[in-house]
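entry_18.txt (compact mmCIF, C-alpha atoms) appears below.
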# COMPACT_ATOMS: atom_id res chain seq x y z
CA ASP A 70 41.89 61.01 36.61
CA TYR A 71 38.40 59.62 36.10
CA GLU A 72 36.67 63.01 36.30
CA GLN A 73 38.66 64.17 33.26
CA LEU A 74 37.87 60.98 31.37
CA LYS A 75 34.19 61.27 32.28
CA ALA A 76 34.10 64.77 30.77
CA PHE A 77 35.08 63.38 27.35
CA ASP A 78 32.08 62.82 25.05
CA ILE A 79 32.42 59.46 23.28
CA GLY A 80 29.04 59.31 21.56
CA THR A 81 28.40 62.30 19.33
CA LYS A 82 31.34 62.18 16.92
CA ILE A 83 30.42 59.83 14.09
CA ASN A 84 32.91 57.20 12.97
CA LYS A 85 32.99 57.11 9.14
CA GLY A 86 33.22 53.32 9.31
CA PHE A 87 29.81 53.19 11.01
CA PRO A 88 27.54 55.66 9.17
CA GLN A 89 24.38 54.26 10.81
CA GLN A 90 25.71 55.00 14.29
CA LYS A 91 23.29 57.02 16.41
CA LYS A 92 24.61 60.15 18.08
CA ILE A 93 24.25 59.80 21.83
CA LYS A 94 26.08 62.08 24.23
CA THR A 95 27.72 59.71 26.66
CA TYR A 96 30.95 58.97 28.51
CA ILE A 97 33.07 55.96 29.44
CA PRO A 98 31.59 54.59 32.67
CA LEU A 99 33.48 52.79 35.40
CA LEU A 100 32.87 49.04 35.18
CA ALA A 101 31.27 49.07 38.64
CA ASP A 102 28.86 51.83 37.58
CA LEU A 103 27.97 50.01 34.37
CA ILE A 104 27.21 46.82 36.29
CA ASP A 105 25.09 48.73 38.82
CA THR A 106 23.06 50.34 36.02
CA VAL A 107 22.49 47.06 34.18
CA GLN A 108 21.61 45.08 37.32
CA LYS A 109 19.20 47.81 38.45
CA ASP A 110 17.47 47.74 35.05
CA ILE A 111 17.22 43.93 35.14
CA LYS A 112 15.63 44.04 38.59
CA GLN A 113 13.27 46.97 37.91
CA LYS A 114 12.00 45.55 34.62
CA ASN A 115 12.00 41.91 35.73
CA LYS A 116 14.35 40.98 32.89
CA LYS A 117 16.39 37.80 32.47
CA GLN A 118 19.95 37.97 33.84
CA LEU A 119 22.41 38.66 31.06
CA PHE A 120 26.03 37.65 30.62
CA TYR A 121 28.81 40.22 30.71
CA ASN A 122 31.43 39.67 28.02
CA ILE A 123 34.41 41.67 29.28
CA GLU A 124 37.57 42.04 27.23
CA THR A 125 40.94 42.78 28.79
CA LYS A 126 42.63 45.18 26.38
CA CYS A 127 46.33 44.80 27.04
CA GLU A 128 49.58 43.67 25.52
CA PRO A 129 53.09 43.03 26.83
CA ALA A 130 54.49 46.19 25.22
CA GLY A 131 51.94 48.24 27.16
CA ASP A 132 52.61 46.82 30.62
CA ASN A 133 52.96 49.66 33.16
CA ILE A 134 52.66 52.18 30.31
CA VAL A 135 49.13 52.00 28.89
CA ASN A 136 47.84 49.01 30.83
CA PRO A 137 48.63 47.43 34.19
CA THR A 138 50.61 44.21 34.35
CA PRO A 139 48.40 41.14 33.85
CA GLU A 140 48.43 40.27 37.56
CA VAL A 141 47.33 43.77 38.58
CA PHE A 142 44.79 43.96 35.72
CA VAL A 143 43.17 40.68 36.77
CA LYS A 144 43.07 41.66 40.45
CA LEU A 145 41.42 45.02 39.67
CA LEU A 146 38.91 43.37 37.34
CA MET A 147 38.05 40.47 39.63
CA ASP A 148 37.69 42.76 42.65
CA VAL A 149 34.84 44.54 40.84
CA ILE A 150 33.27 41.34 39.51
CA GLU A 151 33.31 39.71 42.94
CA GLN A 152 32.13 42.85 44.74
CA LYS A 153 29.17 43.09 42.35
CA LYS A 154 28.44 39.36 42.74
CA ILE A 155 28.25 38.68 39.00
CA THR A 156 30.94 35.98 38.75
CA PRO A 157 28.53 33.31 37.39
CA PHE A 158 27.45 35.72 34.65
CA VAL A 159 30.85 36.74 33.31
CA VAL A 160 33.05 35.70 30.40
CA ILE A 161 36.48 37.35 30.25
CA GLN A 162 37.99 37.48 26.77
CA SER A 163 41.38 38.60 25.55
CA PHE A 164 43.86 38.46 22.70
CA ASP A 165 46.54 38.63 25.40
CA LYS A 166 46.61 35.11 26.80
CA ARG A 167 48.32 36.22 30.01
CA THR A 168 45.20 37.68 31.65
CA ILE A 169 42.97 34.72 30.89
CA GLN A 170 45.70 32.28 31.97
CA ILE A 171 45.82 34.04 35.34
CA ILE A 172 42.03 33.99 35.60
CA ASN A 173 41.97 30.27 34.75
CA LYS A 174 44.54 29.57 37.48
CA LYS A 175 43.31 31.89 40.26
CA TYR A 176 39.59 32.03 39.46
CA PRO A 177 38.78 28.69 37.78
CA ALA A 178 35.02 29.23 38.07
CA VAL A 179 35.24 32.26 35.74
CA LYS A 180 34.62 31.49 32.08
CA THR A 181 37.27 32.67 29.62
CA SER A 182 37.42 33.26 25.89
CA PHE A 183 40.64 33.24 23.86
CA LEU A 184 40.51 35.75 21.01
CA VAL A 185 42.79 34.77 18.14
CA ALA A 186 43.79 36.43 14.89
CA ASN A 187 46.68 34.16 13.99
CA LYS A 188 46.95 31.37 11.44
CA LYS A 189 47.74 28.65 13.98
CA THR A 190 45.76 25.44 14.07
CA TYR A 191 43.23 24.72 16.79
CA GLU A 192 45.74 22.41 18.47
CA GLU A 193 48.51 25.01 18.31
CA ASN A 194 46.29 27.69 19.85
CA MET A 195 45.22 25.36 22.67
CA ALA A 196 48.83 24.35 23.33
CA ASP A 197 49.88 28.01 23.30
CA LEU A 198 47.15 28.92 25.80
CA GLY A 199 47.90 25.91 28.01
CA TYR A 200 44.30 25.00 28.86
CA LYS A 201 40.89 24.62 27.21
CA PRO A 202 38.91 27.88 27.53
CA PHE A 203 35.13 28.03 27.68
CA ILE A 204 35.18 29.82 24.30
CA LEU A 205 37.60 30.11 21.40
CA SER A 206 36.98 33.34 19.46
CA PRO A 207 38.90 33.25 16.20
CA ILE A 208 38.67 35.83 13.44
CA PHE A 209 35.66 34.72 11.37
CA SER A 210 37.76 33.75 8.33
CA MET A 211 39.56 31.03 10.35
CA VAL A 212 36.38 29.11 11.12
CA ASN A 213 35.86 25.91 9.16
CA ALA A 214 34.27 22.51 9.73
CA ASP A 215 37.53 21.01 11.03
CA LEU A 216 37.97 23.71 13.68
CA MET A 217 34.33 23.34 14.74
CA LYS A 218 34.65 19.55 15.05
CA LYS A 219 37.83 19.73 17.14
CA ALA A 220 36.62 22.53 19.42
CA HIS A 221 33.26 20.92 20.09
CA ALA A 222 34.93 17.54 20.71
CA ASP A 223 36.93 19.32 23.44
CA GLY A 224 33.82 21.00 24.86
CA VAL A 225 35.01 24.42 23.67
CA LYS A 226 32.44 26.81 22.24
CA VAL A 227 33.34 28.79 19.09
CA ILE A 228 32.27 32.43 18.81
CA PRO A 229 34.07 34.12 15.91
CA TRP A 230 34.64 37.84 15.46
CA THR A 231 33.89 40.22 13.61
CA ALA A 232 31.53 39.01 10.88
CA ASN A 233 29.97 42.09 9.32
CA THR A 234 28.19 40.88 6.19
CA ALA A 235 25.12 38.68 5.77
CA GLU A 236 27.23 36.28 3.68
CA GLU A 237 29.83 35.89 6.46
CA ILE A 238 27.16 35.46 9.11
CA ASN A 239 25.24 32.86 7.09
CA ARG A 240 28.43 30.86 6.43
CA LEU A 241 29.20 30.83 10.16
CA LYS A 242 25.64 29.84 11.05
CA SER A 243 25.85 26.93 8.58
CA LEU A 244 28.96 25.73 10.45
CA LYS A 245 26.95 25.75 13.71
CA VAL A 246 29.06 28.29 15.59
CA ASP A 247 27.92 28.98 19.15
CA GLY A 248 27.59 32.73 18.62
CA ILE A 249 28.84 35.53 16.39
CA ILE A 250 30.52 38.83 17.22
CA THR A 251 29.46 41.56 14.79
CA ASP A 252 29.20 45.31 14.51
CA TYR A 253 25.84 44.85 12.76
CA PRO A 254 23.40 42.75 14.84
CA ASN A 255 20.62 43.97 12.53
CA LEU A 256 21.92 41.45 9.94
CA PHE A 257 20.45 38.55 11.95

What does the file become when written as C-alpha cells?
Amino acid sequence: DYEQLKAFDIGTKINKGFPQQKKIKTYIPLLADLIDTVQKDIKQKNKKQLFYNIETKCEPAGDNIVNPTPEVFVKLLMDVIEQKKITPFVVIQSFDKRTIQIINKKYPAVKTSFLVANKKTYEENMADLGYKPFILSPIFSMVNADLMKKAHADGVKVIPWTANTAEEINRLKSLKVDGIITDYPNLF
C-alpha cells in the first residue's frame, strides 16, 4: 500500500558509506508525482528540459515476488511515461536485459541503456542483448580503449558506473566516455 510506503522516512538515517549525505526528511514518491514535480519546476523556472534516467530494478528470481514480470513492469512504466508525455526525454536502463529488450521491441523510440557487471566482451554483451542499445553502461573497471572504439563504431554511447574517485573519473574522461555515473558528482 502506497500510503504505508509514503510514511517511511528515507532521508534522515545516514548511510555510513556516504558520510557527507545531507539529512532530508523525505519519502519515496510515485514516478508520476516525481515527473509532475520536475516538469512543474522546469516550467516555472524556465529551465532546460532534462532527461530522465530510469532504472528497472528486477531479476528473474524476483518475478511475481518482489517485482512484476518484465512485460507487466514495462507496461506499468510506459503507461506513466506516455501519460506524462516525456517519452523523448527518457532513457530506461537495466541490468536485467528482459525489460529493455521488451522496450526495444514494443517502444523502439525509447532509448535504452544496458547495465553490465560481467566480464564478457563488447561483442558478447551485444549478442546477449540482441540489439544495439543507445547506451552501454559497464562497470567502470571494464572500460578500455578497445571497448570505446567498438561501441562508438556501432553508434553506442558508453556511460560507465560507478566511478567514485578522482583517479577513476579522470581515467574514464581520458578514454572519452559519453558520461559517468558516480555517487560523488562533486569530483568533477

Would you please work out which residue, of A:Lys75, A:Lys85, A:Lys154, A:Lys180, is nearest to Val225 (chain A) when using only C-alpha atoms?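 Smallest separation from Val225 (chain A) among the options: A:Lys180.
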
All residues 9 Å or closer to Ile79 (chain A), only C-alpha atoms, same chain fewer than 5 positions away omitted, as a list in words: Ile93, Lys94, Thr95, Tyr96 and Ile97 of chain A

Selection near region 124-135 of chain A, 6 Å with only C-alpha atoms, sequence-local residues under 3 positions removed, as a list in words: Thr138, Ile161, Gln162, Ser163 and Asp165 of chain A

What's the 10 Å shell around Val149 (chain A), counting all atoms listed in the file, without same-chain residues fewer than 6 positions away, as a PyMOL selection string? chain A and resi 99-102+104+155-156

Between A:Lys189, A:Glu140, A:Phe183, A:Leu216, which is the closest to Lys201 (chain A) once you count only C-alpha atoms?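 Closest candidate: A:Phe183.
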
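The shortest atom-to-atom distance to Pro137 (chain A), with only C-alpha atoms taken into account, belongs to A:Thr168 out of A:Asn255, A:Asn173, A:Asn84, A:Thr168.
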
What does the structure give for the distance between CA of Val246 (chain A) and CA of Tyr121 (chain A), in Å to one decimal?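 Distance between the two atoms: 19.3 Å.
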
Do you have the CA of Ala222 (chain A)-CA of Ile171 (chain A) distance handy?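 Atom-to-atom, CA of Ala222 (chain A) to CA of Ile171 (chain A), that is 24.6 Å.
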
For Asn194 (chain A), work out the shell of residues within 12 Å, counting all atoms listed in the file and skipping chain neighbours fewer than 2 positions away, then give it as a PDB file with C-alpha atoms, keeping the file's coordinate frame.
ATOM      1  CA  PHE A 164      43.860  38.460  22.700  1.00  0.00           C
ATOM      2  CA  LYS A 166      46.610  35.110  26.800  1.00  0.00           C
ATOM      3  CA  PHE A 183      40.640  33.240  23.860  1.00  0.00           C
ATOM      4  CA  LEU A 184      40.510  35.750  21.010  1.00  0.00           C
ATOM      5  CA  VAL A 185      42.790  34.770  18.140  1.00  0.00           C
ATOM      6  CA  ALA A 186      43.790  36.430  14.890  1.00  0.00           C
ATOM      7  CA  ASN A 187      46.680  34.160  13.990  1.00  0.00           C
ATOM      8  CA  LYS A 188      46.950  31.370  11.440  1.00  0.00           C
ATOM      9  CA  LYS A 189      47.740  28.650  13.980  1.00  0.00           C
ATOM     10  CA  THR A 190      45.760  25.440  14.070  1.00  0.00           C
ATOM     11  CA  TYR A 191      43.230  24.720  16.790  1.00  0.00           C
ATOM     12  CA  GLU A 192      45.740  22.410  18.470  1.00  0.00           C
ATOM     13  CA  ALA A 196      48.830  24.350  23.330  1.00  0.00           C
ATOM     14  CA  ASP A 197      49.880  28.010  23.300  1.00  0.00           C
ATOM     15  CA  LEU A 198      47.150  28.920  25.800  1.00  0.00           C
ATOM     16  CA  GLY A 199      47.900  25.910  28.010  1.00  0.00           C
ATOM     17  CA  TYR A 200      44.300  25.000  28.860  1.00  0.00           C
ATOM     18  CA  LYS A 201      40.890  24.620  27.210  1.00  0.00           C
ATOM     19  CA  PRO A 202      38.910  27.880  27.530  1.00  0.00           C
ATOM     20  CA  LEU A 205      37.600  30.110  21.400  1.00  0.00           C
ATOM     21  CA  SER A 206      36.980  33.340  19.460  1.00  0.00           C
ATOM     22  CA  PRO A 207      38.900  33.250  16.200  1.00  0.00           C
ATOM     23  CA  LEU A 216      37.970  23.710  13.680  1.00  0.00           C
ATOM     24  CA  LYS A 219      37.830  19.730  17.140  1.00  0.00           C
ATOM     25  CA  ALA A 220      36.620  22.530  19.420  1.00  0.00           C
TER      26      ALA A 220
END

May I ask which of the residues A:Ala235, A:Gln90, A:Ile228, A:Val159 is the closest one to Gly248 (chain A), counting only C-alpha atoms?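 The answer is A:Ile228, which sits nearest to Gly248 (chain A).
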
Counting all atoms listed in the file, which residue out of A:Asp223, A:Asn122, A:Phe158, A:Glu151 sits closest to Ser182 (chain A)?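 Among the listed residues, A:Asn122 lies closest to Ser182 (chain A).
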
For the atom pair CA of Asp148 (chain A) and CA of Pro177 (chain A), what is the interatomic distance in Å to one decimal place?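 Interatomic distance, CA of Asp148 (chain A) to CA of Pro177 (chain A): 14.9 Å.
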
Among listed residues A:Lys153, A:Lys112, A:Lys117, A:Lys92, nearest Gly80 (chain A) (using all atoms listed in the file): A:Lys92
